file entry.pdb (PDB, C-alpha atoms)
ATOM      1  CA  MET B   1       0.000   0.000   0.000
ATOM      2  CA  ARG B   2       1.304   3.446  -0.945
ATOM      3  CA  LEU B   3       0.678   6.649   0.982
ATOM      4  CA  ALA B   4       1.574  10.243   0.129
ATOM      5  CA  HIS B   5       1.041  13.560   1.896
ATOM      6  CA  GLU B   6      -2.474  13.874   0.489
ATOM      7  CA  LEU B   7      -4.948  11.022   0.251
ATOM      8  CA  SER B   8      -7.743  11.179  -2.297
ATOM      9  CA  LEU B   9     -11.207   9.824  -1.522
ATOM     10  CA  SER B  10     -10.365   6.749  -3.592
ATOM     11  CA  SER B  11      -7.615   6.025  -1.069
ATOM     12  CA  ALA B  12      -9.939   5.973   1.932
ATOM     13  CA  ILE B  13     -10.373   2.206   2.068
ATOM     14  CA  ARG B  14      -6.626   1.618   1.872
ATOM     15  CA  TYR B  15      -6.015   4.295   4.489
ATOM     16  CA  ASN B  16      -8.453   2.675   6.918
ATOM     17  CA  PHE B  17      -6.762  -0.695   6.356
ATOM     18  CA  PHE B  18      -3.417   0.907   7.110
ATOM     19  CA  CYS B  19      -4.661   2.524  10.326
ATOM     20  CA  GLY B  20      -6.023  -0.821  11.488
ATOM     21  CA  HIS B  21      -2.448  -2.127  11.722
ATOM     22  CA  VAL B  22      -0.957   0.890  13.492
ATOM     23  CA  ARG B  23      -0.977   1.636  17.221
ATOM     24  CA  LYS B  24       0.132   5.154  18.126
ATOM     25  CA  SER B  25       1.128   6.455  21.538
ATOM     26  CA  GLY B  26       2.022  10.032  20.701
ATOM     27  CA  GLY B  27       3.478  11.181  17.407
ATOM     28  CA  LYS B  28       2.266  10.298  13.935
ATOM     29  CA  ILE B  29       3.306   8.583  10.736
ATOM     30  CA  ILE B  30       4.814  10.936   8.160
ATOM     31  CA  PRO B  31       5.124   8.915   4.929
ATOM     32  CA  TYR B  32       6.829  11.000   2.250
ATOM     33  CA  SER B  33       5.979  10.298  -1.376
ATOM     34  CA  ARG B  34       6.620   6.697  -2.536
ATOM     35  CA  SER B  35       6.480   5.191   0.941
ATOM     36  CA  VAL B  36       5.077   1.648   0.783
ATOM     37  CA  PHE B  37       3.617  -0.234   3.766
ATOM     38  CA  LEU B  38       2.652  -3.929   3.574
ATOM     39  CA  PHE B  39       0.965  -5.803   6.422
ATOM     40  CA  GLY B  40       0.158  -9.472   6.900
ATOM     41  CA  PRO B  41      -2.726 -10.634   9.134
ATOM     42  CA  ASN B  42      -2.273  -9.186  12.626
ATOM     43  CA  GLY B  43       0.996  -7.535  11.625
ATOM     44  CA  ARG B  44       1.514  -4.476  13.833
ATOM     45  CA  LEU B  45       3.378  -1.178  13.689
ATOM     46  CA  ILE B  46       3.647   0.355  17.190
ATOM     47  CA  ILE B  47       5.036   3.883  17.334
ATOM     48  CA  ARG B  48       5.889   6.356  20.076
ATOM     49  CA  GLY B  49       6.898   9.601  18.448
ATOM     50  CA  ASN B  50       6.942  10.544  14.768
ATOM     51  CA  PHE B  51       7.708   7.792  12.243
ATOM     52  CA  ARG B  52       9.097   9.246   8.984
ATOM     53  CA  THR B  53       9.674   7.196   5.829
ATOM     54  CA  ASN B  54      11.361   7.872   2.462
ATOM     55  CA  VAL B  55      12.904  11.030   3.857
ATOM     56  CA  ASN B  56      15.070  13.188   1.565
ATOM     57  CA  CYS B  57      13.538  11.741  -1.595
ATOM     58  CA  ILE B  58      14.152  15.004  -3.426
ATOM     59  CA  LYS B  59      11.998  16.146  -6.355
ATOM     60  CA  ARG B  60      10.295  12.799  -6.859
ATOM     61  CA  ASN B  61      13.526  11.090  -7.904
ATOM     62  CA  GLY B  62      11.811   7.721  -8.178
ATOM     63  CA  ARG B  63      13.276   6.245  -4.994
ATOM     64  CA  SER B  64      10.938   4.398  -2.654
ATOM     65  CA  THR B  65      10.968   2.950   0.854
ATOM     66  CA  ILE B  66       9.271  -0.322   1.778
ATOM     67  CA  VAL B  67       8.180  -1.382   5.271
ATOM     68  CA  ARG B  68       6.713  -4.896   5.407
ATOM     69  CA  VAL B  69       5.343  -6.502   8.585
ATOM     70  CA  ASP B  70       4.191 -10.098   8.082
ATOM     71  CA  ARG B  71       1.630 -12.211   9.947
ATOM     72  CA  ASP B  72       1.755 -11.733  13.749
ATOM     73  CA  ALA B  73       4.976  -9.719  13.465
ATOM     74  CA  VAL B  74       5.726  -6.409  15.217
ATOM     75  CA  LEU B  75       7.784  -3.372  14.287
ATOM     76  CA  GLU B  76       7.985  -1.094  17.325
ATOM     77  CA  THR B  77       9.675   2.247  17.959
ATOM     78  CA  GLY B  78      10.331   3.851  21.333
ATOM     79  CA  GLY B  79      10.333   7.415  20.029
ATOM     80  CA  GLU B  80      11.243   9.481  16.973
ATOM     81  CA  PHE B  81      12.292   7.330  14.004
ATOM     82  CA  THR B  82      13.532   8.323  10.532
ATOM     83  CA  LEU B  83      13.993   6.032   7.545
ATOM     84  CA  TYR B  84      15.621   7.675   4.506
ATOM     85  CA  TYR B  85      14.941   6.889   0.849
ATOM     86  CA  GLY B  86      15.677   3.409  -0.419
ATOM     87  CA  GLY B  87      14.960   1.841   2.977
ATOM     88  CA  ASP B  88      13.870  -1.796   2.830
ATOM     89  CA  ILE B  89      12.621  -3.402   6.052
ATOM     90  CA  ILE B  90      10.948  -6.791   6.382
ATOM     91  CA  VAL B  91       9.769  -8.246   9.693
ATOM     92  CA  PHE B  92       8.906 -11.858   8.969
ATOM     93  CA  GLU B  93       6.111 -13.929  10.523
ATOM     94  CA  ASN B  94       6.104 -13.895  14.371
ATOM     95  CA  ALA B  95       9.290 -11.783  14.506
ATOM     96  CA  LYS B  96       9.905  -8.516  16.363
ATOM     97  CA  LEU B  97      12.014  -5.527  15.352
ATOM     98  CA  PHE B  98      12.467  -2.804  17.977
ATOM     99  CA  PHE B  99      14.055   0.637  17.642
ATOM    100  CA  GLY B 100      14.613   2.804  20.728
ATOM    101  CA  LYS B 101      14.172   6.569  20.965
ATOM    102  CA  ASP B 102      15.504   8.963  18.321
ATOM    103  CA  CYS B 103      16.923   6.398  15.892
ATOM    104  CA  GLY B 104      17.700   6.982  12.233
ATOM    105  CA  CYS B 105      18.489   4.874   9.160
ATOM    106  CA  ASN B 106      20.147   6.616   6.227
ATOM    107  CA  SER B 107      19.530   5.778   2.564
ATOM    108  CA  ASP B 108      19.397   2.208   1.211
ATOM    109  CA  VAL B 109      19.422   0.463   4.583
ATOM    110  CA  LYS B 110      18.213  -3.143   4.408
ATOM    111  CA  ILE B 111      16.904  -4.985   7.479
ATOM    112  CA  ARG B 112      15.589  -8.551   7.536
ATOM    113  CA  CYS B 113      14.186  -9.630  10.902
ATOM    114  CA  THR B 114      13.354 -13.338  11.179
ATOM    115  CA  ARG B 115      13.211 -13.658  14.976
ATOM    116  CA  LEU B 116      14.385 -10.657  17.007
ATOM    117  CA  ILE B 117      16.400  -7.499  16.390
ATOM    118  CA  GLU B 118      16.694  -4.897  19.166
ATOM    119  CA  ILE B 119      18.280  -1.490  18.561
ATOM    120  CA  GLY B 120      18.795   0.967  21.429
ATOM    121  CA  ASP B 121      18.163   4.701  21.832
ATOM    122  CA  ARG B 122      19.894   7.308  19.635
ATOM    123  CA  THR B 123      21.531   4.723  17.400
ATOM    124  CA  PHE B 124      22.272   5.805  13.827
ATOM    125  CA  ILE B 125      22.703   3.533  10.841
ATOM    126  CA  SER B 126      24.524   4.886   7.783
ATOM    127  CA  HIS B 127      24.054   4.348   4.031
ATOM    128  CA  ASN B 128      23.813   0.859   2.539
ATOM    129  CA  VAL B 129      23.974  -1.008   5.846
ATOM    130  CA  THR B 130      22.545  -4.548   5.948
ATOM    131  CA  ILE B 131      21.226  -6.178   9.136
ATOM    132  CA  LEU B 132      20.225  -9.879   9.011
ATOM    133  CA  ASP B 133      19.391 -12.097  11.991
ATOM    134  CA  SER B 134      19.210 -15.250   9.843
ATOM    135  CA  ASP B 135      21.351 -17.059   7.274
ATOM    136  CA  SER B 136      18.095 -17.739   5.376
ATOM    137  CA  HIS B 137      19.560 -21.080   4.250
ATOM    138  CA  GLU B 138      20.984 -23.907   6.364
ATOM    139  CA  LEU B 139      24.634 -24.829   5.934
ATOM    140  CA  CYS B 140      24.449 -28.613   6.109
ATOM    141  CA  GLY B 141      26.573 -30.517   8.617
ATOM    142  CA  THR B 142      27.605 -27.525  10.718
ATOM    143  CA  GLY B 143      25.077 -27.911  13.536
ATOM    144  CA  SER B 144      24.820 -24.123  13.862
ATOM    145  CA  ASP B 145      21.579 -22.239  14.349
ATOM    146  CA  MET B 146      20.285 -20.643  11.177
ATOM    147  CA  THR B 147      18.765 -17.722  13.120
ATOM    148  CA  LYS B 148      19.984 -15.848  16.219
ATOM    149  CA  PRO B 149      18.796 -12.532  17.716
ATOM    150  CA  ILE B 150      20.738  -9.320  17.148
ATOM    151  CA  ARG B 151      21.153  -6.754  19.914
ATOM    152  CA  ILE B 152      22.569  -3.302  19.188
ATOM    153  CA  GLY B 153      23.000  -0.935  22.131
ATOM    154  CA  SER B 154      22.231   2.745  22.612
ATOM    155  CA  HIS B 155      24.172   5.585  20.954
ATOM    156  CA  VAL B 156      25.834   3.243  18.460
ATOM    157  CA  LEU B 157      27.077   4.448  15.064
ATOM    158  CA  ILE B 158      27.113   1.916  12.237
ATOM    159  CA  GLY B 159      29.200   3.036   9.265
ATOM    160  CA  THR B 160      28.364   2.860   5.580
ATOM    161  CA  HIS B 161      28.246  -0.571   3.898
ATOM    162  CA  ALA B 162      28.620  -2.393   7.225
ATOM    163  CA  THR B 163      26.879  -5.752   7.631
ATOM    164  CA  ILE B 164      25.449  -6.966  10.951
ATOM    165  CA  LEU B 165      24.794 -10.719  10.986
ATOM    166  CA  LYS B 166      22.914 -13.183  13.209
ATOM    167  CA  GLY B 167      23.984 -13.306  16.846
ATOM    168  CA  ALA B 168      25.761  -9.949  16.773
ATOM    169  CA  VAL B 169      25.846  -7.979  20.032
ATOM    170  CA  ILE B 170      27.110  -4.381  19.949
ATOM    171  CA  GLY B 171      27.629  -2.474  23.198
ATOM    172  CA  ASP B 172      26.531   1.074  23.974
ATOM    173  CA  HIS B 173      28.448   4.028  22.484
ATOM    174  CA  SER B 174      30.428   1.861  20.075
ATOM    175  CA  VAL B 175      31.253   2.605  16.431
ATOM    176  CA  ILE B 176      31.240   0.046  13.638
ATOM    177  CA  ALA B 177      33.549   1.144  10.818
ATOM    178  CA  ALA B 178      32.610   1.299   7.141
ATOM    179  CA  ASN B 179      32.474  -2.106   5.386
ATOM    180  CA  ALA B 180      32.860  -4.038   8.653
ATOM    181  CA  VAL B 181      31.073  -7.375   9.081
ATOM    182  CA  VAL B 182      29.908  -8.005  12.654
ATOM    183  CA  THR B 183      29.361 -11.655  13.559
ATOM    184  CA  GLY B 184      30.037 -11.693  17.313
ATOM    185  CA  GLU B 185      30.184  -9.410  20.336
ATOM    186  CA  ILE B 186      31.612  -5.883  20.293
ATOM    187  CA  PRO B 187      31.932  -4.370  23.808
ATOM    188  CA  ALA B 188      30.737  -0.894  24.780
ATOM    189  CA  HIS B 189      32.835   2.177  23.914
ATOM    190  CA  CYS B 190      34.823   0.388  21.205
ATOM    191  CA  LEU B 191      35.682   1.013  17.558
ATOM    192  CA  ALA B 192      35.433  -2.177  15.509
ATOM    193  CA  ALA B 193      36.534  -2.745  11.905
ATOM    194  CA  GLY B 194      37.317  -5.524   9.455
ATOM    195  CA  ILE B 195      35.881  -8.828   8.240
ATOM    196  CA  PRO B 196      34.985 -10.239  10.659
ATOM    197  CA  ALA B 197      34.900  -7.094  12.803
ATOM    198  CA  ARG B 198      37.483  -6.841  15.580
ATOM    199  CA  VAL B 199      38.034  -4.165  18.218
ATOM    200  CA  ILE B 200      40.769  -1.787  17.055
ATOM    201  CA  ARG B 201      40.315   0.926  19.678
ATOM    202  CA  GLU B 202      38.815   1.050  23.177
ATOM    203  CA  ASN B 203      37.416   3.773  25.436
ATOM    204  CA  ILE B 204      35.953   5.761  22.538
ATOM    205  CA  ASN B 205      32.865   7.901  22.172
ATOM    206  CA  TRP B 206      31.350   9.736  19.224
ATOM    207  CA  LYS B 207      29.076  12.684  18.475
TER
END
call {"tool": "encode", "arguments": {"input": "entry.pdb", "output": "structure tokens"}}
result
Amino acid sequence: MRLAHELSLSSAIRYNFFCGHVRKSGGKIIPYSRSVFLFGPNGRLIIRGNFRTNVNCIKRNGRSTIVRVDRDAVLETGGEFTLYYGGDIIVFENAKLFFGKDCGCNSDVKIRCTRLIEIGDRTFISHNVTILDSDSHELCGTGSDMTKPIRIGSHVLIGTHATILKGAVIGDHSVIAANAVVTGEIPAHCLAAGIPARVIRENINWK
């Protein structure tokens, strides 16, 4: 379903369907042009604060943002949330994706939530970042879980083209460098880089 700033009368049925899947506790949804929302049965979007999508899509440049919440899945925000153009979020059946207060995702961010992804307050995700809590396919004979939750702390900065994979845990106030691939635990107040990501500096902060 596609929403713009103005809804014609012909859009009323689709708008009512959309509202039936949204629970607001303060704030509102601000879907800039070419924002697309897709909901499965009992899929829910729970927002606290304004929820902006396809932001900075200048002069109708053809870019779109897609938010899909499948059957019995939940996408929840704890406060203000901004998703720039090219965003692509899917919360699969029975999964939960949570963003804390004042979070932002820059352009072309891709998130696939199969079980659980938790992102803390004031965390910012840069361009072309991918976050996946599942391998999607089983690697035979390894005995490893195909899906593991991801937990990203508060006031974390994730650099452009970084990839966050299943089971990743990132501590508060840490920075993930551009192009890093996070597969394990990164402690708080650390700078991590590389493939797989390793701590290269401790006791850091950012602003």
call {"tool": "atom_distance", "arguments": {"input": "entry.pdb", "atom1": "CA of Thr130 in chain B", "atom2": "CA of Ile90 in chain B"}}
result
11.8 Å
call {"tool": "closest_residue", "arguments": {"input": "entry.pdb", "among": "B:Gly100, B:Gly87, B:Gly120, B:Gly62", "to": "Phe37 in chain B", "atoms": "all atoms listed in the file"}}
result
B:Gly87
call {"tool": "resolve_selection", "arguments": {"input": "entry.pdb", "expression": "the PyMOL selection byres ((chain B and resi 168) around 8)", "output": "PyMOL selection string"}}
result
chain B and resi 149-152+164-167+169-170+182-186
call {"tool": "resolve_selection", "arguments": {"input": "entry.pdb", "expression": "the PyMOL selection byres ((chain B and resi 66) around 8)", "output": "number ranges by chain"}}
result
B: 35-38, 64-65, 67-68, 86-89
call {"tool": "closest_residue", "arguments": {"input": "entry.pdb", "among": "B:Ser126, B:Lys28, B:Asn61, B:Cys113", "to": "Glu80 in chain B", "atoms": "all atoms listed in the file"}}
result
B:Lys28
